[in-house]
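**Student:** Here you go, this is query_15.txt (compact mmCIF, N, CA and C atoms).
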```txt
# COMPACT_ATOMS: atom_id res chain seq x y z
N MET B 30 1.12 -27.08 -16.91
CA MET B 30 0.54 -26.33 -15.82
C MET B 30 1.62 -25.41 -15.24
N SER B 31 1.25 -24.19 -14.97
CA SER B 31 2.22 -23.25 -14.42
C SER B 31 2.46 -23.52 -12.93
N LYS B 32 3.63 -23.14 -12.48
CA LYS B 32 3.99 -23.29 -11.07
C LYS B 32 3.12 -22.34 -10.26
N ARG B 33 2.63 -22.83 -9.13
CA ARG B 33 1.79 -22.00 -8.27
C ARG B 33 2.59 -21.55 -7.05
N LEU B 34 2.11 -20.53 -6.41
CA LEU B 34 2.87 -19.96 -5.30
C LEU B 34 2.86 -20.84 -4.05
N GLU B 35 3.85 -20.63 -3.23
CA GLU B 35 3.94 -21.29 -1.93
C GLU B 35 3.28 -20.34 -0.93
N VAL B 36 2.04 -20.66 -0.54
CA VAL B 36 1.23 -19.76 0.28
C VAL B 36 1.98 -19.29 1.52
N PHE B 37 2.58 -20.21 2.25
CA PHE B 37 3.17 -19.84 3.52
C PHE B 37 4.45 -19.02 3.39
N LYS B 38 5.04 -19.03 2.20
CA LYS B 38 6.18 -18.15 1.92
C LYS B 38 5.72 -16.69 2.00
N PHE B 39 4.49 -16.45 1.58
CA PHE B 39 3.93 -15.10 1.58
C PHE B 39 3.11 -14.80 2.84
N ALA B 40 2.84 -15.83 3.62
CA ALA B 40 2.04 -15.65 4.84
C ALA B 40 2.69 -16.40 6.01
N PRO B 41 3.90 -15.99 6.40
CA PRO B 41 4.62 -16.72 7.45
C PRO B 41 3.91 -16.71 8.81
N ALA B 42 3.20 -15.64 9.12
CA ALA B 42 2.48 -15.60 10.39
C ALA B 42 1.35 -16.62 10.40
N ALA B 43 0.70 -16.80 9.26
CA ALA B 43 -0.34 -17.82 9.16
C ALA B 43 0.26 -19.21 9.35
N TYR B 44 1.42 -19.43 8.74
CA TYR B 44 2.10 -20.73 8.89
C TYR B 44 2.41 -21.01 10.35
N LYS B 45 2.85 -19.99 11.05
CA LYS B 45 3.15 -20.14 12.48
C LYS B 45 1.88 -20.53 13.26
N GLY B 46 0.76 -19.90 12.93
CA GLY B 46 -0.50 -20.22 13.59
C GLY B 46 -0.97 -21.63 13.30
N PHE B 47 -0.91 -22.03 12.03
CA PHE B 47 -1.28 -23.40 11.67
C PHE B 47 -0.35 -24.40 12.34
N GLY B 48 0.93 -24.03 12.43
CA GLY B 48 1.91 -24.90 13.09
C GLY B 48 1.59 -25.10 14.56
N ALA B 49 1.12 -24.05 15.22
CA ALA B 49 0.75 -24.16 16.64
C ALA B 49 -0.43 -25.11 16.82
N VAL B 50 -1.40 -25.03 15.93
CA VAL B 50 -2.55 -25.94 16.00
C VAL B 50 -2.10 -27.37 15.72
N LYS B 51 -1.21 -27.53 14.74
CA LYS B 51 -0.68 -28.87 14.43
C LYS B 51 0.06 -29.44 15.63
N ASP B 52 0.87 -28.62 16.30
CA ASP B 52 1.58 -29.07 17.50
C ASP B 52 0.59 -29.50 18.59
N TYR B 53 -0.49 -28.72 18.73
CA TYR B 53 -1.51 -29.05 19.73
C TYR B 53 -2.13 -30.43 19.46
N VAL B 54 -2.63 -30.65 18.25
CA VAL B 54 -3.30 -31.93 17.98
C VAL B 54 -2.32 -33.08 18.02
N SER B 55 -1.07 -32.83 17.65
CA SER B 55 -0.05 -33.89 17.70
C SER B 55 0.24 -34.32 19.12
N SER B 56 0.11 -33.41 20.06
CA SER B 56 0.34 -33.77 21.46
C SER B 56 -0.94 -34.27 22.15
N ALA B 57 -2.09 -33.92 21.60
CA ALA B 57 -3.36 -34.27 22.23
C ALA B 57 -3.89 -35.64 21.82
N LEU B 58 -3.52 -36.10 20.63
CA LEU B 58 -4.07 -37.36 20.10
C LEU B 58 -2.97 -38.37 19.85
N PRO B 59 -3.29 -39.66 20.01
CA PRO B 59 -2.30 -40.69 19.67
C PRO B 59 -1.91 -40.57 18.19
N GLY B 60 -0.62 -40.76 17.91
CA GLY B 60 -0.09 -40.56 16.57
C GLY B 60 -0.79 -41.34 15.49
N GLU B 61 -1.03 -42.63 15.73
CA GLU B 61 -1.66 -43.45 14.69
C GLU B 61 -3.09 -42.99 14.42
N LEU B 62 -3.82 -42.67 15.46
CA LEU B 62 -5.20 -42.19 15.29
C LEU B 62 -5.21 -40.89 14.48
N LEU B 63 -4.33 -39.97 14.83
CA LEU B 63 -4.26 -38.70 14.13
C LEU B 63 -3.91 -38.90 12.66
N GLU B 64 -2.94 -39.75 12.38
CA GLU B 64 -2.53 -39.98 10.99
C GLU B 64 -3.63 -40.68 10.19
N LEU B 65 -4.36 -41.59 10.81
CA LEU B 65 -5.48 -42.24 10.11
C LEU B 65 -6.55 -41.20 9.75
N VAL B 66 -6.87 -40.32 10.68
CA VAL B 66 -7.84 -39.26 10.43
C VAL B 66 -7.33 -38.34 9.33
N ASN B 67 -6.06 -37.94 9.42
CA ASN B 67 -5.50 -37.05 8.39
C ASN B 67 -5.53 -37.70 7.01
N LEU B 68 -5.21 -38.98 6.96
CA LEU B 68 -5.23 -39.69 5.68
C LEU B 68 -6.65 -39.74 5.12
N ARG B 69 -7.62 -40.08 5.96
CA ARG B 69 -9.00 -40.21 5.46
C ARG B 69 -9.54 -38.86 4.97
N VAL B 70 -9.30 -37.80 5.72
CA VAL B 70 -9.74 -36.47 5.30
C VAL B 70 -9.10 -36.10 3.96
N SER B 71 -7.81 -36.39 3.84
CA SER B 71 -7.09 -36.07 2.60
C SER B 71 -7.60 -36.89 1.42
N GLN B 72 -7.99 -38.13 1.67
CA GLN B 72 -8.57 -38.95 0.60
C GLN B 72 -9.89 -38.35 0.13
N ILE B 73 -10.72 -37.95 1.06
CA ILE B 73 -12.01 -37.36 0.70
C ILE B 73 -11.81 -36.10 -0.13
N ASN B 74 -10.82 -35.29 0.26
CA ASN B 74 -10.58 -34.02 -0.43
C ASN B 74 -9.71 -34.15 -1.67
N GLY B 75 -9.17 -35.34 -1.91
CA GLY B 75 -8.36 -35.56 -3.10
C GLY B 75 -7.04 -34.81 -3.10
N CYS B 76 -6.40 -34.71 -1.96
CA CYS B 76 -5.11 -34.00 -1.87
C CYS B 76 -3.97 -35.01 -2.00
N ALA B 77 -3.40 -35.10 -3.19
CA ALA B 77 -2.33 -36.06 -3.46
C ALA B 77 -1.13 -35.86 -2.53
N TYR B 78 -0.74 -34.63 -2.31
CA TYR B 78 0.41 -34.33 -1.45
C TYR B 78 0.19 -34.91 -0.05
N CYS B 79 -0.98 -34.63 0.52
CA CYS B 79 -1.27 -35.07 1.89
C CYS B 79 -1.51 -36.57 1.97
N ILE B 80 -2.16 -37.16 0.97
CA ILE B 80 -2.35 -38.61 0.95
C ILE B 80 -0.99 -39.30 0.96
N ASP B 81 -0.10 -38.84 0.11
CA ASP B 81 1.25 -39.39 0.03
C ASP B 81 1.96 -39.26 1.38
N MET B 82 1.93 -38.07 1.97
CA MET B 82 2.63 -37.81 3.22
C MET B 82 2.09 -38.67 4.37
N HIS B 83 0.78 -38.71 4.54
CA HIS B 83 0.20 -39.44 5.68
C HIS B 83 0.31 -40.95 5.50
N THR B 84 0.25 -41.42 4.27
CA THR B 84 0.48 -42.85 4.00
C THR B 84 1.90 -43.21 4.40
N ARG B 85 2.86 -42.42 3.96
CA ARG B 85 4.26 -42.67 4.30
C ARG B 85 4.49 -42.63 5.81
N ASP B 86 3.87 -41.64 6.49
CA ASP B 86 4.03 -41.51 7.94
C ASP B 86 3.46 -42.72 8.68
N LEU B 87 2.31 -43.20 8.24
CA LEU B 87 1.72 -44.39 8.87
C LEU B 87 2.61 -45.61 8.67
N LEU B 88 3.09 -45.80 7.46
CA LEU B 88 3.96 -46.95 7.18
C LEU B 88 5.27 -46.85 7.96
N LYS B 89 5.86 -45.65 8.02
CA LYS B 89 7.10 -45.45 8.78
C LYS B 89 6.92 -45.75 10.26
N SER B 90 5.72 -45.47 10.79
CA SER B 90 5.48 -45.70 12.21
C SER B 90 5.13 -47.16 12.52
N GLY B 91 5.11 -48.01 11.47
CA GLY B 91 4.90 -49.43 11.70
C GLY B 91 3.50 -49.94 11.46
N VAL B 92 2.60 -49.09 10.99
CA VAL B 92 1.24 -49.55 10.68
C VAL B 92 1.33 -50.44 9.45
N LYS B 93 0.66 -51.56 9.50
CA LYS B 93 0.72 -52.52 8.39
C LYS B 93 0.03 -51.96 7.14
N ILE B 94 0.59 -52.33 6.02
CA ILE B 94 0.07 -51.89 4.73
C ILE B 94 -1.40 -52.29 4.55
N ASP B 95 -1.79 -53.44 5.09
CA ASP B 95 -3.18 -53.90 4.98
C ASP B 95 -4.14 -52.87 5.56
N LYS B 96 -3.79 -52.33 6.72
CA LYS B 96 -4.65 -51.35 7.37
C LYS B 96 -4.65 -50.04 6.61
N VAL B 97 -3.47 -49.58 6.20
CA VAL B 97 -3.37 -48.32 5.47
C VAL B 97 -4.15 -48.39 4.16
N ALA B 98 -4.01 -49.50 3.46
CA ALA B 98 -4.68 -49.66 2.17
C ALA B 98 -6.20 -49.64 2.30
N LEU B 99 -6.70 -50.05 3.46
CA LEU B 99 -8.15 -50.16 3.62
C LEU B 99 -8.79 -48.98 4.35
N VAL B 100 -8.02 -47.91 4.57
CA VAL B 100 -8.60 -46.72 5.20
C VAL B 100 -9.81 -46.19 4.43
N PRO B 101 -9.80 -46.16 3.08
CA PRO B 101 -10.98 -45.64 2.38
C PRO B 101 -12.25 -46.45 2.63
N VAL B 102 -12.09 -47.71 3.03
CA VAL B 102 -13.24 -48.59 3.28
C VAL B 102 -13.17 -49.14 4.71
N TRP B 103 -12.77 -48.29 5.63
CA TRP B 103 -12.58 -48.70 7.02
C TRP B 103 -13.83 -49.35 7.61
N ASP B 104 -15.00 -48.91 7.18
CA ASP B 104 -16.23 -49.48 7.73
C ASP B 104 -16.44 -50.93 7.27
N GLU B 105 -15.95 -51.26 6.08
CA GLU B 105 -16.03 -52.64 5.60
C GLU B 105 -14.91 -53.50 6.19
N ALA B 106 -13.82 -52.87 6.58
CA ALA B 106 -12.67 -53.57 7.15
C ALA B 106 -12.58 -53.27 8.65
N ALA B 107 -13.72 -53.18 9.29
CA ALA B 107 -13.81 -52.74 10.69
C ALA B 107 -12.91 -53.51 11.65
N ALA B 108 -12.68 -54.78 11.38
CA ALA B 108 -11.88 -55.59 12.29
C ALA B 108 -10.44 -55.09 12.41
N LEU B 109 -9.97 -54.33 11.42
CA LEU B 109 -8.60 -53.80 11.46
C LEU B 109 -8.48 -52.53 12.30
N PHE B 110 -9.62 -51.95 12.65
CA PHE B 110 -9.62 -50.65 13.33
C PHE B 110 -10.26 -50.77 14.71
N SER B 111 -9.70 -50.06 15.68
CA SER B 111 -10.26 -50.06 17.03
C SER B 111 -11.57 -49.29 17.06
N ASP B 112 -12.30 -49.43 18.15
CA ASP B 112 -13.55 -48.68 18.30
C ASP B 112 -13.30 -47.17 18.18
N LYS B 113 -12.23 -46.68 18.83
CA LYS B 113 -11.92 -45.25 18.76
C LYS B 113 -11.54 -44.83 17.35
N GLU B 114 -10.78 -45.66 16.66
CA GLU B 114 -10.41 -45.33 15.29
C GLU B 114 -11.64 -45.27 14.40
N ARG B 115 -12.55 -46.22 14.54
CA ARG B 115 -13.77 -46.21 13.73
C ARG B 115 -14.62 -44.98 14.03
N ALA B 116 -14.74 -44.64 15.31
CA ALA B 116 -15.53 -43.46 15.69
C ALA B 116 -14.87 -42.19 15.13
N ALA B 117 -13.56 -42.11 15.23
CA ALA B 117 -12.83 -40.93 14.73
C ALA B 117 -12.94 -40.83 13.21
N LEU B 118 -12.83 -41.95 12.52
CA LEU B 118 -12.93 -41.93 11.05
C LEU B 118 -14.33 -41.55 10.60
N ALA B 119 -15.35 -42.08 11.27
CA ALA B 119 -16.73 -41.72 10.94
C ALA B 119 -16.95 -40.22 11.16
N TRP B 120 -16.46 -39.72 12.29
CA TRP B 120 -16.60 -38.30 12.60
C TRP B 120 -15.85 -37.45 11.57
N ALA B 121 -14.64 -37.88 11.23
CA ALA B 121 -13.84 -37.15 10.23
C ALA B 121 -14.58 -37.05 8.90
N GLU B 122 -15.22 -38.12 8.51
CA GLU B 122 -15.97 -38.11 7.24
C GLU B 122 -17.14 -37.15 7.27
N VAL B 123 -17.94 -37.21 8.32
CA VAL B 123 -19.14 -36.38 8.37
C VAL B 123 -18.79 -34.90 8.53
N VAL B 124 -17.73 -34.60 9.27
CA VAL B 124 -17.31 -33.21 9.43
C VAL B 124 -16.68 -32.68 8.14
N THR B 125 -15.88 -33.50 7.48
CA THR B 125 -15.26 -33.08 6.21
C THR B 125 -16.33 -32.82 5.16
N ARG B 126 -17.39 -33.59 5.18
CA ARG B 126 -18.47 -33.43 4.20
C ARG B 126 -19.60 -32.55 4.75
N VAL B 127 -19.26 -31.58 5.57
CA VAL B 127 -20.23 -30.76 6.29
C VAL B 127 -21.28 -30.14 5.36
N GLU B 128 -20.89 -29.74 4.17
CA GLU B 128 -21.84 -29.09 3.26
C GLU B 128 -22.95 -30.06 2.86
N GLN B 129 -22.62 -31.33 2.73
CA GLN B 129 -23.61 -32.34 2.38
C GLN B 129 -24.29 -32.91 3.62
N SER B 130 -23.51 -33.18 4.65
CA SER B 130 -24.02 -33.93 5.80
C SER B 130 -24.77 -33.08 6.82
N LYS B 131 -24.36 -31.84 6.98
CA LYS B 131 -24.88 -30.95 8.03
C LYS B 131 -24.58 -31.52 9.43
N VAL B 132 -23.72 -32.51 9.52
CA VAL B 132 -23.29 -33.16 10.77
C VAL B 132 -24.49 -33.46 11.66
N PRO B 133 -25.23 -34.51 11.33
CA PRO B 133 -26.46 -34.85 12.07
C PRO B 133 -26.22 -35.16 13.55
N ASP B 134 -27.22 -34.90 14.36
CA ASP B 134 -27.16 -35.20 15.79
C ASP B 134 -26.84 -36.67 16.04
N ALA B 135 -27.37 -37.55 15.22
CA ALA B 135 -27.13 -38.99 15.41
C ALA B 135 -25.64 -39.31 15.27
N ASP B 136 -24.95 -38.65 14.34
CA ASP B 136 -23.52 -38.88 14.17
C ASP B 136 -22.74 -38.32 15.35
N TYR B 137 -23.16 -37.18 15.85
CA TYR B 137 -22.53 -36.59 17.03
C TYR B 137 -22.69 -37.52 18.23
N GLN B 138 -23.89 -38.03 18.43
CA GLN B 138 -24.14 -38.93 19.56
C GLN B 138 -23.36 -40.23 19.41
N ALA B 139 -23.26 -40.73 18.20
CA ALA B 139 -22.49 -41.96 17.96
C ALA B 139 -21.01 -41.75 18.30
N ALA B 140 -20.49 -40.60 17.93
CA ALA B 140 -19.08 -40.29 18.25
C ALA B 140 -18.89 -40.20 19.77
N LEU B 141 -19.81 -39.52 20.46
CA LEU B 141 -19.70 -39.37 21.90
C LEU B 141 -19.94 -40.67 22.66
N ALA B 142 -20.54 -41.64 22.03
CA ALA B 142 -20.74 -42.94 22.67
C ALA B 142 -19.41 -43.68 22.81
N VAL B 143 -18.42 -43.31 22.01
CA VAL B 143 -17.12 -43.98 22.02
C VAL B 143 -16.00 -43.06 22.50
N LEU B 144 -16.08 -41.80 22.11
CA LEU B 144 -15.02 -40.84 22.42
C LEU B 144 -15.42 -39.94 23.58
N SER B 145 -14.43 -39.54 24.38
CA SER B 145 -14.70 -38.56 25.43
C SER B 145 -14.95 -37.20 24.79
N GLU B 146 -15.50 -36.28 25.55
CA GLU B 146 -15.73 -34.94 25.02
C GLU B 146 -14.40 -34.32 24.59
N GLN B 147 -13.35 -34.53 25.38
CA GLN B 147 -12.02 -33.98 25.03
C GLN B 147 -11.52 -34.59 23.73
N GLU B 148 -11.65 -35.91 23.60
CA GLU B 148 -11.20 -36.56 22.36
C GLU B 148 -11.98 -36.06 21.16
N LEU B 149 -13.29 -35.89 21.31
CA LEU B 149 -14.11 -35.41 20.20
C LEU B 149 -13.71 -33.98 19.82
N ALA B 150 -13.46 -33.15 20.82
CA ALA B 150 -13.02 -31.78 20.54
C ALA B 150 -11.69 -31.80 19.80
N ASP B 151 -10.74 -32.60 20.28
CA ASP B 151 -9.42 -32.66 19.66
C ASP B 151 -9.47 -33.22 18.25
N ILE B 152 -10.28 -34.24 18.03
CA ILE B 152 -10.42 -34.81 16.68
C ILE B 152 -11.07 -33.79 15.75
N THR B 153 -12.03 -33.04 16.25
CA THR B 153 -12.68 -32.01 15.43
C THR B 153 -11.67 -30.93 15.02
N VAL B 154 -10.81 -30.53 15.94
CA VAL B 154 -9.76 -29.56 15.62
C VAL B 154 -8.83 -30.15 14.55
N ALA B 155 -8.45 -31.43 14.73
CA ALA B 155 -7.56 -32.09 13.76
C ALA B 155 -8.21 -32.15 12.38
N VAL B 156 -9.48 -32.48 12.32
CA VAL B 156 -10.20 -32.57 11.05
C VAL B 156 -10.27 -31.19 10.38
N ALA B 157 -10.57 -30.17 11.15
CA ALA B 157 -10.64 -28.81 10.59
C ALA B 157 -9.27 -28.39 10.05
N LEU B 158 -8.21 -28.69 10.80
CA LEU B 158 -6.87 -28.34 10.36
C LEU B 158 -6.49 -29.09 9.08
N MET B 159 -6.78 -30.39 9.03
CA MET B 159 -6.42 -31.17 7.84
C MET B 159 -7.20 -30.68 6.63
N ASN B 160 -8.46 -30.32 6.82
CA ASN B 160 -9.24 -29.77 5.71
C ASN B 160 -8.58 -28.48 5.20
N ALA B 161 -8.10 -27.65 6.10
CA ALA B 161 -7.41 -26.42 5.68
C ALA B 161 -6.13 -26.76 4.92
N PHE B 162 -5.32 -27.65 5.46
CA PHE B 162 -4.08 -28.03 4.78
C PHE B 162 -4.37 -28.64 3.40
N ASN B 163 -5.44 -29.42 3.29
CA ASN B 163 -5.81 -29.99 1.99
C ASN B 163 -6.12 -28.89 0.98
N ARG B 164 -6.73 -27.84 1.43
CA ARG B 164 -7.05 -26.75 0.51
C ARG B 164 -5.79 -26.05 0.01
N PHE B 165 -4.77 -25.96 0.85
CA PHE B 165 -3.48 -25.43 0.39
C PHE B 165 -2.86 -26.40 -0.60
N GLY B 166 -2.85 -27.68 -0.26
CA GLY B 166 -2.22 -28.67 -1.11
C GLY B 166 -2.85 -28.78 -2.48
N VAL B 167 -4.18 -28.82 -2.53
CA VAL B 167 -4.88 -28.96 -3.80
C VAL B 167 -4.80 -27.67 -4.62
N SER B 168 -5.11 -26.55 -4.01
CA SER B 168 -5.17 -25.29 -4.77
C SER B 168 -3.80 -24.84 -5.28
N MET B 169 -2.75 -25.19 -4.54
CA MET B 169 -1.41 -24.78 -4.94
C MET B 169 -0.62 -25.91 -5.61
N ARG B 170 -1.32 -27.05 -5.87
CA ARG B 170 -0.74 -28.19 -6.58
C ARG B 170 0.59 -28.62 -5.98
N MET B 171 0.58 -28.77 -4.64
CA MET B 171 1.79 -29.22 -3.95
C MET B 171 2.14 -30.63 -4.45
N GLN B 172 3.40 -30.84 -4.72
CA GLN B 172 3.86 -32.08 -5.35
C GLN B 172 4.11 -33.17 -4.31
N PRO B 173 3.47 -34.33 -4.47
CA PRO B 173 3.72 -35.44 -3.55
C PRO B 173 5.15 -35.94 -3.68
N ALA B 174 5.68 -36.49 -2.60
CA ALA B 174 7.05 -37.03 -2.62
C ALA B 174 7.22 -38.10 -3.70
N ALA B 175 6.14 -38.85 -3.98
CA ALA B 175 6.22 -39.90 -4.98
C ALA B 175 6.56 -39.36 -6.37
N LEU B 176 6.30 -38.09 -6.61
CA LEU B 176 6.57 -37.48 -7.91
C LEU B 176 7.88 -36.70 -7.94
N ALA B 177 8.53 -36.61 -6.81
CA ALA B 177 9.77 -35.80 -6.73
C ALA B 177 10.92 -36.51 -7.40
```
Just give me the structure as structure tokens.
**Tutor:**
Amino acid sequence: MSKRLEVFKFAPAAYKGFGAVKDYVSSALPGELLELVNLRVSQINGCAYCIDMHTRDLLKSGVKIDKVALVPVWDEAAALFSDKERAALAWAEVVTRVEQSKVPDADYQAALAVLSEQELADITVAVALMNAFNRFGVSMRMQPAALA
């Protein structure tokens, strides 16, 4: 496979803008919650680079391997996740799969039953950003640290 370009090398202003949004969500949401959402979105999108990065970040921050390993099946392993984490993960899934899900009203209401309007807005921004980053990672075949 041929080497692909580094998008942000050619679009530094875009990188700055994405960085500002990343800084916003990093300050608006608890770190573990944000990383769990980022990991789940990346798993859905199949972004090896981002899966590797967010898994490492969760483990470095002290999250137990049991919880990290069960993120893909968080609904079956619900006891490991808080109410807010479960609501955020469910929302992340339905928003990431927007083309299939159309984000039903019932899912929106379920999220708002647990999350504040501010939290839901911030998680939605985080999900949109992670979906964008996944598209850079997958399309440009960014190499995970595990392969370096």
**Student:** Which one is closest to Asp86 in chain B: B:Ser130, B:Pro101, B:Ile73, B:Asn67? Count only C-alpha atoms.
**Tutor:**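 Smallest distance to Asp86 in chain B is found for B:Asn67.
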**Student:** Find the spatial neighbours of range 131-144 of chain B, counting all atoms listed in the file, within a cut-off of 6 Å - ignore same-chain residues fewer than 6 positions away - and output them as a PDB file with N, CA and C atoms, in the frame of the given file.
**Tutor:**
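The resulting file, result12.pdb, is reproduced below:
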```
ATOM      1  N   LYS B 113     -12.230 -46.680  18.830  1.00  0.00           N
ATOM      2  CA  LYS B 113     -11.920 -45.250  18.760  1.00  0.00           C
ATOM      3  C   LYS B 113     -11.540 -44.830  17.350  1.00  0.00           C
ATOM      4  N   ALA B 116     -14.740 -44.640  15.310  1.00  0.00           N
ATOM      5  CA  ALA B 116     -15.530 -43.460  15.690  1.00  0.00           C
ATOM      6  C   ALA B 116     -14.870 -42.190  15.130  1.00  0.00           C
ATOM      7  N   VAL B 123     -17.940 -37.210   8.320  1.00  0.00           N
ATOM      8  CA  VAL B 123     -19.140 -36.380   8.370  1.00  0.00           C
ATOM      9  C   VAL B 123     -18.790 -34.900   8.530  1.00  0.00           C
ATOM     10  N   VAL B 124     -17.730 -34.600   9.270  1.00  0.00           N
ATOM     11  CA  VAL B 124     -17.310 -33.210   9.430  1.00  0.00           C
ATOM     12  C   VAL B 124     -16.680 -32.680   8.140  1.00  0.00           C
TER      13      VAL B 124
END
```
**Student:** Show which residues sit within 9 Å of Val156 in chain B, as a PDB file with N, CA and C atoms, in the frame of the given file. Count only C-alpha atoms, and ignore same-chain residues fewer than 4 positions away.
**Tutor:**
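Dumped to result28.pdb:
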```
ATOM      1  N   VAL B  66      -6.870 -40.320  10.680  1.00  0.00           N
ATOM      2  CA  VAL B  66      -7.840 -39.260  10.430  1.00  0.00           C
ATOM      3  C   VAL B  66      -7.330 -38.340   9.330  1.00  0.00           C
ATOM      4  N   ASN B  67      -6.060 -37.940   9.420  1.00  0.00           N
ATOM      5  CA  ASN B  67      -5.500 -37.050   8.390  1.00  0.00           C
ATOM      6  C   ASN B  67      -5.530 -37.700   7.010  1.00  0.00           C
ATOM      7  N   VAL B  70      -9.300 -37.800   5.720  1.00  0.00           N
ATOM      8  CA  VAL B  70      -9.740 -36.470   5.300  1.00  0.00           C
ATOM      9  C   VAL B  70      -9.100 -36.100   3.960  1.00  0.00           C
ATOM     10  N   TRP B 120     -16.460 -39.720  12.290  1.00  0.00           N
ATOM     11  CA  TRP B 120     -16.600 -38.300  12.600  1.00  0.00           C
ATOM     12  C   TRP B 120     -15.850 -37.450  11.570  1.00  0.00           C
ATOM     13  N   ALA B 121     -14.640 -37.880  11.230  1.00  0.00           N
ATOM     14  CA  ALA B 121     -13.840 -37.150  10.230  1.00  0.00           C
ATOM     15  C   ALA B 121     -14.580 -37.050   8.900  1.00  0.00           C
ATOM     16  N   GLU B 122     -15.220 -38.120   8.510  1.00  0.00           N
ATOM     17  CA  GLU B 122     -15.970 -38.110   7.240  1.00  0.00           C
ATOM     18  C   GLU B 122     -17.140 -37.150   7.270  1.00  0.00           C
ATOM     19  N   VAL B 124     -17.730 -34.600   9.270  1.00  0.00           N
ATOM     20  CA  VAL B 124     -17.310 -33.210   9.430  1.00  0.00           C
ATOM     21  C   VAL B 124     -16.680 -32.680   8.140  1.00  0.00           C
ATOM     22  N   THR B 125     -15.880 -33.500   7.480  1.00  0.00           N
ATOM     23  CA  THR B 125     -15.260 -33.080   6.210  1.00  0.00           C
ATOM     24  C   THR B 125     -16.330 -32.820   5.160  1.00  0.00           C
ATOM     25  N   ASP B 151     -10.740 -32.600  20.280  1.00  0.00           N
ATOM     26  CA  ASP B 151      -9.420 -32.660  19.660  1.00  0.00           C
ATOM     27  C   ASP B 151      -9.470 -33.220  18.250  1.00  0.00           C
ATOM     28  N   ILE B 152     -10.280 -34.240  18.030  1.00  0.00           N
ATOM     29  CA  ILE B 152     -10.420 -34.810  16.680  1.00  0.00           C
ATOM     30  C   ILE B 152     -11.070 -33.790  15.750  1.00  0.00           C
ATOM     31  N   ASN B 160      -8.460 -30.320   6.820  1.00  0.00           N
ATOM     32  CA  ASN B 160      -9.240 -29.770   5.710  1.00  0.00           C
ATOM     33  C   ASN B 160      -8.580 -28.480   5.200  1.00  0.00           C
ATOM     34  N   ALA B 161      -8.100 -27.650   6.100  1.00  0.00           N
ATOM     35  CA  ALA B 161      -7.410 -26.420   5.680  1.00  0.00           C
ATOM     36  C   ALA B 161      -6.130 -26.760   4.920  1.00  0.00           C
TER      37      ALA B 161
END
```
**Student:** When distances are computed from only N, CA and C atoms, which of B:Val102, B:Arg126, B:Ser71, B:Ser55 shows the smallest separation from Met159 in chain B?
**Tutor:**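 Between B:Val102, B:Arg126, B:Ser71, B:Ser55, the residue approaching Met159 in chain B most closely is B:Ser71.
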**Student:** Closest to Gln147 in chain B among B:Ala57, B:Val50, B:Ala42, B:Leu34, using all atoms listed in the file?
**Tutor:**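 Between B:Ala57, B:Val50, B:Ala42, B:Leu34, the residue approaching Gln147 in chain B most closely is B:Ala57.
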**Student:** Within 8 Å of Asn74 in chain B, counting all atoms listed in the file, which residues show up once you throw out same-chain ones fewer than 5 positions away? Write them as a list in words, please.
**Tutor:**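 With the cut-off at 8 Å, the set is Leu68, Arg69, Thr125, Asn160, Asn163, Arg164 and Val167 of chain B.
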**Student:** Between atom N of Ser168 in chain B and atom N of Phe37 in chain B, what is the distance, to one decimal in Å?
**Tutor:** 11.8 Å
**Student:** For the atom pair CA of Lys45 in chain B and atom N of Phe162 in chain B, what is the interatomic distance in Å to one decimal place?
**Tutor:**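 Going from CA of Lys45 in chain B over to atom N of Phe162 in chain B covers 13.3 Å.
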**Student:** What parts of chain B does DSSP call alpha helix (DSSP H)? I'd like the answer as a PyMOL selection string.
**Tutor:** chain B and resi 36-39+41-57+60-74+77-89+94-98+112-125+127-130+134-143+146-168
**Student:** Which of these, B:Met169, B:Leu176, B:Trp103, B:Val36, has the shortest distance to Arg115 in chain B once you count only N, CA and C atoms?
**Tutor:**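 Of all the options, B:Trp103 lies closest to Arg115 in chain B.
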**Student:** Quick one: of B:Ser145, B:Glu114, B:Arg33, B:Asp81, who's nearest to Arg170 in chain B, counting all atoms listed in the file?
**Tutor:** B:Arg33
**Student:** Pick from B:Lys51, B:Tyr78, B:Thr84, B:Leu62: nearest to Ala117 in chain B, with all atoms listed in the file counted?
**Tutor:** B:Leu62
